[in-house]
$ cat data-v1.cif   # mmCIF, C-alpha atoms
data_model
loop_
_atom_site.group_PDB
_atom_site.id
_atom_site.type_symbol
_atom_site.label_atom_id
_atom_site.label_comp_id
_atom_site.auth_asym_id
_atom_site.auth_seq_id
_atom_site.Cartn_x
_atom_site.Cartn_y
_atom_site.Cartn_z
ATOM 1 C CA MET A 1 28.536 -36.626 -24.621
ATOM 2 C CA ALA A 2 28.953 -40.091 -23.117
ATOM 3 C CA HIS A 3 30.439 -42.930 -25.122
ATOM 4 C CA PRO A 4 27.774 -44.932 -27.068
ATOM 5 C CA SER A 5 28.587 -48.047 -25.042
ATOM 6 C CA PHE A 6 27.226 -46.345 -21.899
ATOM 7 C CA GLY A 7 23.730 -46.158 -23.390
ATOM 8 C CA ILE A 8 23.853 -49.702 -24.776
ATOM 9 C CA ILE A 9 24.950 -51.196 -21.458
ATOM 10 C CA SER A 10 22.464 -49.130 -19.461
ATOM 11 C CA GLN A 11 19.593 -50.206 -21.709
ATOM 12 C CA LEU A 12 20.467 -53.873 -21.218
ATOM 13 C CA LEU A 13 20.803 -53.532 -17.449
ATOM 14 C CA GLU A 14 17.487 -51.688 -17.148
ATOM 15 C CA ALA A 15 15.569 -54.245 -19.217
ATOM 16 C CA ASP A 16 13.555 -57.010 -17.580
ATOM 17 C CA PRO A 17 15.601 -60.192 -17.001
ATOM 18 C CA GLY A 18 15.518 -62.385 -20.103
ATOM 19 C CA ALA A 19 13.941 -59.682 -22.245
ATOM 20 C CA LEU A 20 15.142 -59.055 -25.790
ATOM 21 C CA THR A 21 15.875 -55.388 -26.463
ATOM 22 C CA SER A 22 17.093 -53.397 -29.447
ATOM 23 C CA ALA A 23 20.392 -52.947 -27.590
ATOM 24 C CA LEU A 24 21.311 -56.635 -27.907
ATOM 25 C CA PRO A 25 22.624 -56.537 -31.491
ATOM 26 C CA ARG A 26 24.604 -53.381 -30.756
ATOM 27 C CA PHE A 27 26.031 -54.920 -27.585
ATOM 28 C CA ARG A 28 27.301 -57.918 -29.531
ATOM 29 C CA GLU A 29 28.652 -55.843 -32.400
ATOM 30 C CA GLU A 30 29.980 -52.737 -30.629
ATOM 31 C CA VAL A 31 30.627 -53.548 -26.971
ATOM 32 C CA TRP A 32 31.579 -57.229 -26.751
ATOM 33 C CA SER A 33 34.973 -56.756 -28.426
ATOM 34 C CA MET A 34 35.397 -53.077 -27.509
ATOM 35 C CA PRO A 35 38.938 -52.357 -26.214
ATOM 36 C CA VAL A 36 39.312 -51.109 -22.654
ATOM 37 C CA TRP A 37 42.464 -50.257 -20.699
ATOM 38 C CA VAL A 38 42.808 -51.553 -17.147
ATOM 39 C CA ARG A 39 45.512 -51.821 -14.504
ATOM 40 C CA GLY A 40 47.309 -55.125 -14.965
ATOM 41 C CA GLU A 41 50.019 -56.897 -16.897
ATOM 42 C CA GLN A 42 50.804 -59.784 -19.200
ATOM 43 C CA VAL A 43 52.801 -62.563 -17.516
ATOM 44 C CA GLU A 44 54.453 -65.632 -18.984
ATOM 45 C CA VAL A 45 53.082 -69.025 -17.981
ATOM 46 C CA ALA A 46 53.850 -72.607 -18.963
ATOM 47 C CA ASN A 47 54.221 -73.770 -22.570
ATOM 48 C CA ASN A 48 55.311 -70.337 -23.844
ATOM 49 C CA GLN A 49 51.850 -68.908 -23.186
ATOM 50 C CA THR A 50 50.909 -65.598 -21.591
ATOM 51 C CA ALA A 51 48.190 -64.779 -19.080
ATOM 52 C CA THR A 52 46.596 -61.452 -18.195
ATOM 53 C CA THR A 53 46.470 -60.441 -14.537
ATOM 54 C CA LEU A 54 44.311 -57.540 -13.348
ATOM 55 C CA GLN A 55 44.989 -55.351 -10.305
ATOM 56 C CA LEU A 56 41.883 -54.365 -8.359
ATOM 57 C CA SER A 57 41.413 -51.435 -5.994
ATOM 58 C CA ALA A 58 40.311 -52.435 -2.497
ATOM 59 C CA ARG A 59 37.400 -50.539 -0.924
ATOM 60 C CA GLU A 60 36.169 -50.128 2.619
ATOM 61 C CA GLY A 61 33.724 -52.349 4.418
ATOM 62 C CA ASP A 62 31.804 -55.000 2.526
ATOM 63 C CA GLU A 63 32.151 -53.302 -0.848
ATOM 64 C CA LEU A 64 33.609 -55.430 -3.618
ATOM 65 C CA PRO A 65 36.985 -54.452 -5.084
ATOM 66 C CA LEU A 66 36.787 -52.009 -7.967
ATOM 67 C CA LEU A 67 38.335 -52.197 -11.428
ATOM 68 C CA PRO A 68 38.489 -48.877 -13.326
ATOM 69 C CA ALA A 69 38.256 -49.526 -17.089
ATOM 70 C CA TYR A 70 39.160 -46.736 -19.482
ATOM 71 C CA LEU A 71 37.862 -46.301 -23.025
ATOM 72 C CA ASN A 72 40.795 -44.053 -23.918
ATOM 73 C CA GLU A 73 44.418 -45.201 -23.621
ATOM 74 C CA ALA A 74 45.723 -41.682 -22.985
ATOM 75 C CA GLU A 75 43.443 -41.343 -19.947
ATOM 76 C CA ALA A 76 44.540 -44.735 -18.667
ATOM 77 C CA ALA A 77 48.201 -43.800 -19.067
ATOM 78 C CA ALA A 78 47.652 -40.558 -17.127
ATOM 79 C CA ASP A 79 45.602 -42.049 -14.286
ATOM 80 C CA LEU A 80 47.617 -45.263 -13.999
ATOM 81 C CA ALA A 81 51.054 -43.656 -14.361
ATOM 82 C CA SER A 82 52.273 -45.365 -11.183
ATOM 83 C CA GLY A 83 51.689 -48.870 -12.538
ATOM 84 C CA SER A 84 51.340 -50.950 -15.669
ATOM 85 C CA TYR A 85 48.145 -51.264 -17.691
ATOM 86 C CA VAL A 86 46.922 -53.591 -20.420
ATOM 87 C CA CYS A 87 44.346 -53.429 -23.207
ATOM 88 C CA VAL A 88 41.695 -56.170 -23.148
ATOM 89 C CA PRO A 89 38.360 -56.623 -24.922
ATOM 90 C CA PHE A 90 35.296 -55.778 -22.823
ATOM 91 C CA ARG A 91 34.289 -59.444 -22.881
ATOM 92 C CA PHE A 92 37.431 -60.221 -20.847
ATOM 93 C CA LEU A 93 35.946 -58.304 -17.907
ATOM 94 C CA LEU A 94 32.834 -60.503 -18.018
ATOM 95 C CA LEU A 95 34.993 -63.615 -18.175
ATOM 96 C CA PHE A 96 37.139 -62.391 -15.282
ATOM 97 C CA ALA A 97 34.019 -61.640 -13.216
ATOM 98 C CA GLU A 98 32.949 -65.275 -13.421
ATOM 99 C CA SER A 99 35.813 -66.254 -11.133
ATOM 100 C CA THR A 100 36.359 -62.996 -9.200
ATOM 101 C CA ARG A 101 33.670 -60.883 -7.571
ATOM 102 C CA LEU A 102 34.267 -57.222 -8.454
ATOM 103 C CA ASP A 103 32.612 -54.024 -9.611
ATOM 104 C CA VAL A 104 33.700 -52.123 -12.716
ATOM 105 C CA ALA A 105 33.837 -48.368 -13.296
ATOM 106 C CA LEU A 106 33.740 -47.723 -17.053
ATOM 107 C CA MET A 107 35.359 -44.335 -17.658
ATOM 108 C CA ASP A 108 35.348 -41.944 -20.616
ATOM 109 C CA GLY A 109 36.635 -38.460 -19.832
ATOM 110 C CA GLU A 110 34.370 -36.951 -17.204
ATOM 111 C CA GLU A 111 31.726 -39.630 -17.708
ATOM 112 C CA LEU A 112 31.577 -42.750 -15.538
ATOM 113 C CA LEU A 113 29.316 -45.802 -15.688
ATOM 114 C CA ALA A 114 29.298 -48.018 -12.594
ATOM 115 C CA ILE A 115 28.639 -51.706 -13.278
ATOM 116 C CA SER A 116 28.102 -53.978 -10.280
ATOM 117 C CA HIS A 117 29.138 -57.617 -10.237
ATOM 118 C CA ASP A 118 25.496 -58.609 -10.679
ATOM 119 C CA GLY A 119 25.356 -56.248 -13.658
ATOM 120 C CA LEU A 120 28.430 -57.884 -15.204
ATOM 121 C CA MET A 121 26.784 -61.286 -14.900
ATOM 122 C CA ALA A 122 23.570 -59.911 -16.408
ATOM 123 C CA LEU A 123 25.537 -58.587 -19.385
ATOM 124 C CA ARG A 124 27.150 -61.980 -19.801
ATOM 125 C CA ASP A 125 23.758 -63.670 -19.848
ATOM 126 C CA SER A 126 22.343 -61.061 -22.225
ATOM 127 C CA ALA A 127 25.074 -61.797 -24.757
ATOM 128 C CA VAL A 128 23.586 -65.214 -25.508
ATOM 129 C CA LEU A 129 19.874 -64.301 -25.508
ATOM 130 C CA GLY A 130 17.781 -64.758 -28.590
ATOM 131 C CA ASN A 131 20.034 -67.134 -30.488
ATOM 132 C CA GLU A 132 18.248 -70.421 -29.997
ATOM 133 C CA GLY A 133 16.728 -71.698 -33.194
ATOM 134 C CA VAL A 134 18.289 -68.990 -35.388
ATOM 135 C CA PRO A 135 19.359 -70.353 -38.809
ATOM 136 C CA VAL A 136 22.923 -69.604 -39.868
ATOM 137 C CA THR A 137 24.586 -69.165 -43.236
ATOM 138 C CA ALA A 138 27.537 -71.095 -44.594
ATOM 139 C CA GLU A 139 29.648 -67.962 -44.128
ATOM 140 C CA GLU A 140 28.772 -67.792 -40.420
ATOM 141 C CA VAL A 141 29.646 -71.463 -39.975
ATOM 142 C CA GLY A 142 32.980 -70.788 -41.664
ATOM 143 C CA GLN A 143 33.700 -67.862 -39.338
ATOM 144 C CA MET A 144 32.881 -69.987 -36.321
ATOM 145 C CA ALA A 145 35.097 -72.808 -37.620
ATOM 146 C CA GLN A 146 38.067 -70.428 -37.842
ATOM 147 C CA ALA A 147 37.527 -69.216 -34.269
ATOM 148 C CA VAL A 148 37.152 -72.806 -33.082
ATOM 149 C CA GLU A 149 40.467 -73.790 -34.668
ATOM 150 C CA ARG A 150 42.231 -71.040 -32.720
ATOM 151 C CA PHE A 151 40.534 -72.185 -29.514
ATOM 152 C CA ALA A 152 41.365 -75.835 -30.240
ATOM 153 C CA ALA A 153 45.075 -75.038 -30.416
ATOM 154 C CA GLN A 154 44.908 -73.474 -26.941
ATOM 155 C CA ALA A 155 42.743 -76.324 -25.639
ATOM 156 C CA ARG A 156 45.384 -78.799 -26.792
ATOM 157 C CA THR A 157 48.050 -76.847 -24.901
ATOM 158 C CA TYR A 158 45.840 -76.841 -21.798
ATOM 159 C CA CYS A 159 45.337 -80.607 -21.980
ATOM 160 C CA ALA A 160 49.052 -81.259 -22.491
ATOM 161 C CA SER A 161 49.810 -79.348 -19.280
ATOM 162 C CA HIS A 162 47.504 -81.607 -17.183
ATOM 163 C CA ALA A 163 48.720 -85.175 -16.875
ATOM 164 C CA ASP A 164 45.309 -86.514 -15.799
ATOM 165 C CA ILE A 165 43.655 -85.655 -19.139
ATOM 166 C CA ALA A 166 43.707 -88.599 -21.559
ATOM 167 C CA SER A 167 42.001 -87.095 -24.617
ATOM 168 C CA LEU A 168 39.773 -84.311 -25.898
ATOM 169 C CA HIS A 169 37.361 -84.428 -28.835
ATOM 170 C CA LEU A 170 35.856 -81.204 -30.198
ATOM 171 C CA SER A 171 33.212 -80.798 -32.892
ATOM 172 C CA LEU A 172 30.780 -78.211 -34.160
ATOM 173 C CA VAL A 173 27.367 -79.818 -33.743
ATOM 174 C CA SER A 174 24.563 -78.485 -35.952
ATOM 175 C CA MET A 175 20.986 -79.682 -35.762
ATOM 176 C CA THR A 176 18.949 -79.313 -38.940
ATOM 177 C CA GLY A 177 20.634 -76.095 -39.990
ATOM 178 C CA LEU A 178 20.346 -74.252 -36.675
ATOM 179 C CA LYS A 179 23.164 -72.336 -35.034
ATOM 180 C CA PRO A 180 25.997 -74.801 -34.335
ATOM 181 C CA MET A 181 27.299 -75.398 -30.830
ATOM 182 C CA LEU A 182 30.872 -76.332 -30.079
ATOM 183 C CA MET A 183 30.774 -79.541 -28.067
ATOM 184 C CA GLY A 184 33.616 -81.430 -26.484
ATOM 185 C CA TRP A 185 34.151 -84.753 -24.795
ATOM 186 C CA LEU A 186 36.907 -84.957 -22.201
ATOM 187 C CA SER A 187 38.322 -88.356 -21.250
ATOM 188 C CA GLY A 188 40.071 -88.501 -17.908
ATOM 189 C CA GLY A 189 40.820 -85.511 -15.759
ATOM 190 C CA ARG A 190 39.035 -83.822 -12.906
ATOM 191 C CA ASP A 191 35.611 -82.198 -13.172
ATOM 192 C CA GLU A 192 37.018 -78.669 -13.182
ATOM 193 C CA HIS A 193 38.835 -79.234 -16.490
ATOM 194 C CA ALA A 194 35.574 -79.166 -18.452
ATOM 195 C CA LEU A 195 34.618 -75.814 -16.925
ATOM 196 C CA ALA A 196 38.118 -74.421 -17.475
ATOM 197 C CA LEU A 197 37.938 -75.300 -21.172
ATOM 198 C CA GLU A 198 34.482 -73.719 -21.519
ATOM 199 C CA LEU A 199 35.815 -70.511 -19.968
ATOM 200 C CA LEU A 200 38.865 -70.615 -22.240
ATOM 201 C CA SER A 201 36.596 -70.890 -25.297
ATOM 202 C CA ARG A 202 34.952 -67.540 -24.496
ATOM 203 C CA GLN A 203 38.191 -65.763 -25.310
ATOM 204 C CA PHE A 204 37.801 -66.917 -28.921
ATOM 205 C CA LEU A 205 34.076 -67.331 -29.615
ATOM 206 C CA GLN A 206 31.523 -64.605 -30.187
ATOM 207 C CA PRO A 207 28.935 -64.211 -27.406
ATOM 208 C CA SER A 208 26.182 -65.890 -29.397
ATOM 209 C CA TRP A 209 28.300 -69.025 -29.893
ATOM 210 C CA ARG A 210 28.135 -71.629 -27.161
ATOM 211 C CA CYS A 211 30.615 -74.240 -25.994
ATOM 212 C CA ARG A 212 29.840 -77.254 -23.813
ATOM 213 C CA VAL A 213 32.499 -79.696 -22.692
ATOM 214 C CA PHE A 214 31.366 -82.949 -21.111
ATOM 215 C CA ASP A 215 33.410 -85.385 -19.063
ATOM 216 C CA ALA A 216 30.836 -88.113 -19.661
ATOM 217 C CA LEU A 217 28.633 -88.909 -22.652
ATOM 218 C CA PRO A 218 26.288 -91.885 -23.173
ATOM 219 C CA SER A 219 28.211 -94.104 -25.572
ATOM 220 C CA GLU A 220 24.997 -95.418 -27.127
ATOM 221 C CA GLY A 221 23.758 -91.934 -28.081
ATOM 222 C CA ARG A 222 24.169 -90.502 -31.581
ATOM 223 C CA LEU A 223 26.159 -87.549 -30.319
ATOM 224 C CA GLY A 224 28.593 -89.622 -28.277
ATOM 225 C CA GLN A 225 29.154 -91.989 -31.192
ATOM 226 C CA ALA A 226 29.659 -89.133 -33.641
ATOM 227 C CA LEU A 227 32.092 -87.276 -31.379
ATOM 228 C CA THR A 228 34.306 -90.233 -30.573
ATOM 229 C CA ALA A 229 34.350 -91.464 -34.182
ATOM 230 C CA LEU A 230 36.275 -88.336 -35.219
ATOM 231 C CA PRO A 231 39.999 -87.756 -34.618
ATOM 232 C CA ALA A 232 40.764 -86.288 -31.207
ATOM 233 C CA VAL A 233 42.037 -82.751 -30.804
ATOM 234 C CA TYR A 234 44.360 -84.086 -28.111
ATOM 235 C CA GLU A 235 45.489 -87.572 -27.111
ATOM 236 C CA ARG A 236 48.043 -88.009 -24.362
ATOM 237 C CA GLN A 237 49.164 -91.415 -25.605
ATOM 238 C CA ALA A 238 49.763 -90.030 -29.097
ATOM 239 C CA SER A 239 51.782 -87.137 -27.679
ATOM 240 C CA GLN A 240 54.332 -89.345 -25.914
ATOM 241 C CA GLY A 241 57.880 -89.344 -27.200
ATOM 242 C CA TRP A 242 59.630 -86.605 -29.105
ATOM 243 C CA PHE A 243 58.028 -87.523 -32.452
ATOM 244 C CA GLY A 244 54.509 -87.540 -31.028
ATOM 245 C CA LYS A 245 55.047 -84.205 -29.298
ATOM 246 C CA MET A 246 56.431 -82.611 -32.461
ATOM 247 C CA LYS A 247 53.570 -84.012 -34.564
ATOM 248 C CA GLN A 248 50.882 -82.609 -32.263
ATOM 249 C CA LYS A 249 52.727 -79.292 -31.934
ATOM 250 C CA PHE A 250 52.875 -78.609 -35.659
ATOM 251 C CA SER A 251 49.672 -80.267 -36.870
ATOM 252 C CA ALA A 252 46.378 -78.335 -36.820
ATOM 253 C CA PRO A 253 43.799 -79.691 -34.332
ATOM 254 C CA ALA A 254 41.038 -81.681 -35.989
ATOM 255 C CA VAL A 255 37.682 -79.960 -35.442
ATOM 256 C CA GLN A 256 34.894 -81.101 -37.742
ATOM 257 C CA ILE A 257 31.168 -80.401 -38.141
ATOM 258 C CA ILE A 258 28.613 -82.974 -37.059
ATOM 259 C CA GLN A 259 25.176 -82.582 -38.645
ATOM 260 C CA LEU A 260 22.362 -84.172 -36.650
ATOM 261 C CA ASP A 261 18.893 -84.428 -38.152
ATOM 262 C CA VAL A 262 16.349 -84.024 -35.373
ATOM 263 C CA SER A 263 13.287 -84.039 -37.586
#
$ encode --input "data-v1.cif" --output "structure tokens"
Amino acid sequence: MAHPSFGIISQLLEADPGALTSALPRFREEVWSMPVWVRGEQVEVANNQTATTLQLSAREGDELPLLPAYLNEAEAAADLASGSYVCVPFRFLLLFAESTRLDVALMDGEELLAISHDGLMALRDSAVLGNEGVPVTAEEVGQMAQAVERFAAQARTYCASHADIASLHLSLVSMTGLKPMLMGWLSGGRDEHALALELLSRQFLQPSWRCRVFDALPSEGRLGQALTALPAVYERQASQGWFGKMKQKFSAPAVQIIQLDVS
């Protein structure tokens, strides 16, 4: 019998675009963080961080490169004996597919589920369907706040490694009790930094949680005023000198909740 994730993924891919199906909750709960084993390795990068690199299999003609993904570590170890492999959550494949065009072969014993690049992008889009206007509980806000704090620490490290970034503000923005969105304001830096931070956030946030990072906000707007009135997660000027660097390294990033009444 095929792994349950095969049926969940197939149901989402066969549904009409934008349609809500009974597979959505199961996808978020069972598949999004599901471990898979793929050919690749962990490599050290700047600031004592690690990055995951994946090794794709080239195919003939115009076919996209293929990434076999195993649901069982023993099978991965047997099939990938000639190289290294790593365990990543399924969501990592969707994140990786945003920057690299590839197809995925999800494998469980004798069963195989082929997922095209378009299918990967459809799964990514499905993960955030049906969440607009959904009220949240205080417990859910607390869970999101914890995930945001972990992301904020990595965002600070990212900013510190790019000299053109002056500051970064992050806040959970909630409008009249609806699902909060993580919003950021980036001062200085190139346009691609905002996108890079949004992609980084997806490693920490659940699929139904959204992050938007802006490199420009109208200063007269309520949101811009509220964001910039709070302490920054990162400030390059404050990080200068050994004392400033040590203070930012060992102090928790300041991420607070902004409540906007839109009634």
$ resolve_selection --input "data-v1.cif" --expression "the PyMOL selection byres ((chain A and resi 1) around 12)" --output "NGL selection string"
:A and (2-7 or 108-112)
$ residues_around --input "data-v1.cif" --residues "Arg59 in chain A" --least-positions-apart "5" --cutoff "12 Å" --atoms "only C-alpha atoms" --output "PyMOL selection string"
chain A and resi 64-67+102-103
$ resolve_selection --input "data-v1.cif" --expression "the PyMOL selection byres ((chain A and resi 119) around 10)" --output "list of chain:residue names"
A:Ile9, A:Ser10, A:Leu12, A:Leu13, A:Glu14, A:Leu94, A:Asp103, A:Val104, A:Ala114, A:Ile115, A:Ser116, A:His117, A:Asp118, A:Leu120, A:Met121, A:Ala122, A:Leu123, A:Arg124, A:Asp125
$ write_last_selection --input "data-v1.cif" --atoms "C-alpha atoms" --output "PDB file, in the frame of the given file"
ATOM      1  CA  ILE A   9      24.950 -51.196 -21.458  1.00  0.00           C
ATOM      2  CA  SER A  10      22.464 -49.130 -19.461  1.00  0.00           C
ATOM      3  CA  LEU A  12      20.467 -53.873 -21.218  1.00  0.00           C
ATOM      4  CA  LEU A  13      20.803 -53.532 -17.449  1.00  0.00           C
ATOM      5  CA  GLU A  14      17.487 -51.688 -17.148  1.00  0.00           C
ATOM      6  CA  LEU A  94      32.834 -60.503 -18.018  1.00  0.00           C
ATOM      7  CA  ASP A 103      32.612 -54.024  -9.611  1.00  0.00           C
ATOM      8  CA  VAL A 104      33.700 -52.123 -12.716  1.00  0.00           C
ATOM      9  CA  ALA A 114      29.298 -48.018 -12.594  1.00  0.00           C
ATOM     10  CA  ILE A 115      28.639 -51.706 -13.278  1.00  0.00           C
ATOM     11  CA  SER A 116      28.102 -53.978 -10.280  1.00  0.00           C
ATOM     12  CA  HIS A 117      29.138 -57.617 -10.237  1.00  0.00           C
ATOM     13  CA  ASP A 118      25.496 -58.609 -10.679  1.00  0.00           C
ATOM     14  CA  LEU A 120      28.430 -57.884 -15.204  1.00  0.00           C
ATOM     15  CA  MET A 121      26.784 -61.286 -14.900  1.00  0.00           C
ATOM     16  CA  ALA A 122      23.570 -59.911 -16.408  1.00  0.00           C
ATOM     17  CA  LEU A 123      25.537 -58.587 -19.385  1.00  0.00           C
ATOM     18  CA  ARG A 124      27.150 -61.980 -19.801  1.00  0.00           C
ATOM     19  CA  ASP A 125      23.758 -63.670 -19.848  1.00  0.00           C
TER      20      ASP A 125
END
$ axis_aligned_box --input "data-v1.cif" --around "range 59-63 of chain A" --padding-each-side "8 Å" --output "JSON"
{"center_x": 34.6, "center_y": -52.6, "center_z": 1.7, "size_x": 21.6, "size_y": 20.9, "size_z": 21.3}
$ atom_distance --input "data-v1.cif" --atom1 "CA of Val148 in chain A" --atom2 "CA of Ser171 in chain A"
8.9 Å
$ atom_distance --input "data-v1.cif" --atom1 "CA of Thr157 in chain A" --atom2 "CA of Tyr234 in chain A"
8.7 Å
$ residues_near_point --input "data-v1.cif" --point "(38.0, -75.8, -19.8)" --cutoff "10 Å" --atoms "all atoms listed in the file" --output "number ranges by chain"
A: 155, 158-159, 184, 186, 191-202, 211-214
$ atom_distance --input "data-v1.cif" --atom1 "CA of Thr228 in chain A" --atom2 "CA of Glu139 in chain A"
26.5 Å
$ closest_atom_pairs --input "data-v1.cif" --of "range 57-135 of chain A" --to "range 28-35 of chain A" --cutoff "8 Å" --atoms "all atoms listed in the file" --output "Markdown table"
| residue | atom | partner | partner_atom | distance |
| --- | --- | --- | --- | --- |
| A:Leu71 | CA | A:Pro35 | CA | 6.9 |
| A:Cys87 | CA | A:Pro35 | CA | 6.3 |
| A:Val88 | CA | A:Pro35 | CA | 5.6 |
| A:Pro89 | CA | A:Pro35 | CA | 4.5 |
| A:Phe90 | CA | A:Met34 | CA | 5.4 |
| A:Arg91 | CA | A:Trp32 | CA | 5.2 |
| A:Ala127 | CA | A:Arg28 | CA | 6.5 |
$ closest_residue --input "data-v1.cif" --among "A:Leu80, A:Ile8, A:Leu230, A:Met181" --to "Phe27 in chain A" --atoms "only C-alpha atoms"
A:Ile8
$ closest_residue --input "data-v1.cif" --among "A:Ala166, A:Leu205, A:Val86, A:Leu93" --to "Glu149 in chain A" --atoms "all atoms listed in the file"
A:Leu205
$ residues_around --input "data-v1.cif" --residues "Arg236 in chain A" --least-positions-apart "5" --cutoff "8 Å" --atoms "only C-alpha atoms" --output "NGL selection string"
:A and (160 or 165-167)
$ residues_near_point --input "data-v1.cif" --point "(43.7, -58.4, -12.6)" --cutoff "9 Å" --atoms "all atoms listed in the file" --output "JSON, numbers by chain"
{"A": [38, 39, 40, 41, 52, 53, 54, 55, 56, 67, 96]}
$ closest_residue --input "data-v1.cif" --among "A:Glu75, A:Glu44, A:Ala69, A:Gly188" --to "His162 in chain A" --atoms "all atoms listed in the file"
A:Gly188
$ build_atoms --input "data-v1.cif" --residues "range 56-62 of chain A" --atoms "all heavy atoms" --output "tab-separated table (two decimals), in the frame of the given file"
chain	number	residue	atom	x	y	z
A	56	LEU	N	43.11	-55.00	-8.83
A	56	LEU	CA	41.88	-54.36	-8.36
A	56	LEU	C	42.18	-53.38	-7.23
A	56	LEU	O	43.16	-53.52	-6.51
A	56	LEU	CB	40.90	-55.43	-7.88
A	56	LEU	CG	40.62	-56.60	-8.85
A	56	LEU	CD1	39.61	-57.55	-8.23
A	56	LEU	CD2	40.14	-56.08	-10.18
A	57	SER	N	41.30	-52.42	-7.07
A	57	SER	CA	41.41	-51.44	-5.99
A	57	SER	C	40.50	-51.85	-4.85
A	57	SER	O	39.29	-52.00	-5.03
A	57	SER	CB	41.01	-50.04	-6.50
A	57	SER	OG	41.86	-49.63	-7.56
A	58	ALA	N	41.09	-52.05	-3.67
A	58	ALA	CA	40.31	-52.44	-2.50
A	58	ALA	C	39.47	-51.26	-2.02
A	58	ALA	O	39.85	-50.10	-2.17
A	58	ALA	CB	41.24	-52.91	-1.38
A	59	ARG	N	38.29	-51.57	-1.46
A	59	ARG	CA	37.40	-50.54	-0.92
A	59	ARG	C	37.02	-50.89	0.50
A	59	ARG	O	37.22	-52.03	0.96
A	59	ARG	CB	36.16	-50.40	-1.81
A	59	ARG	CG	36.50	-49.90	-3.22
A	59	ARG	CD	35.26	-49.47	-3.97
A	59	ARG	NE	34.45	-50.61	-4.39
A	59	ARG	CZ	33.28	-50.49	-5.03
A	59	ARG	NH1	32.79	-49.29	-5.30
A	59	ARG	NH2	32.62	-51.56	-5.40
A	60	GLU	N	36.46	-49.94	1.20
A	60	GLU	CA	36.17	-50.13	2.62
A	60	GLU	C	34.94	-51.00	2.83
A	60	GLU	O	34.06	-51.11	1.97
A	60	GLU	CB	35.95	-48.77	3.28
A	60	GLU	CG	37.18	-47.87	3.27
A	60	GLU	CD	36.91	-46.54	3.95
A	60	GLU	OE1	35.74	-46.30	4.32
A	60	GLU	OE2	37.86	-45.75	4.10
A	61	GLY	N	34.89	-51.59	4.01
A	61	GLY	CA	33.72	-52.35	4.42
A	61	GLY	C	33.48	-53.58	3.56
A	61	GLY	O	34.41	-54.29	3.18
A	62	ASP	N	32.19	-53.81	3.28
A	62	ASP	CA	31.80	-55.00	2.53
A	62	ASP	C	31.77	-54.77	1.02
A	62	ASP	O	31.33	-55.64	0.27
A	62	ASP	CB	30.41	-55.47	2.99
A	62	ASP	CG	30.41	-55.91	4.45
A	62	ASP	OD1	31.47	-56.37	4.91
A	62	ASP	OD2	29.37	-55.80	5.10
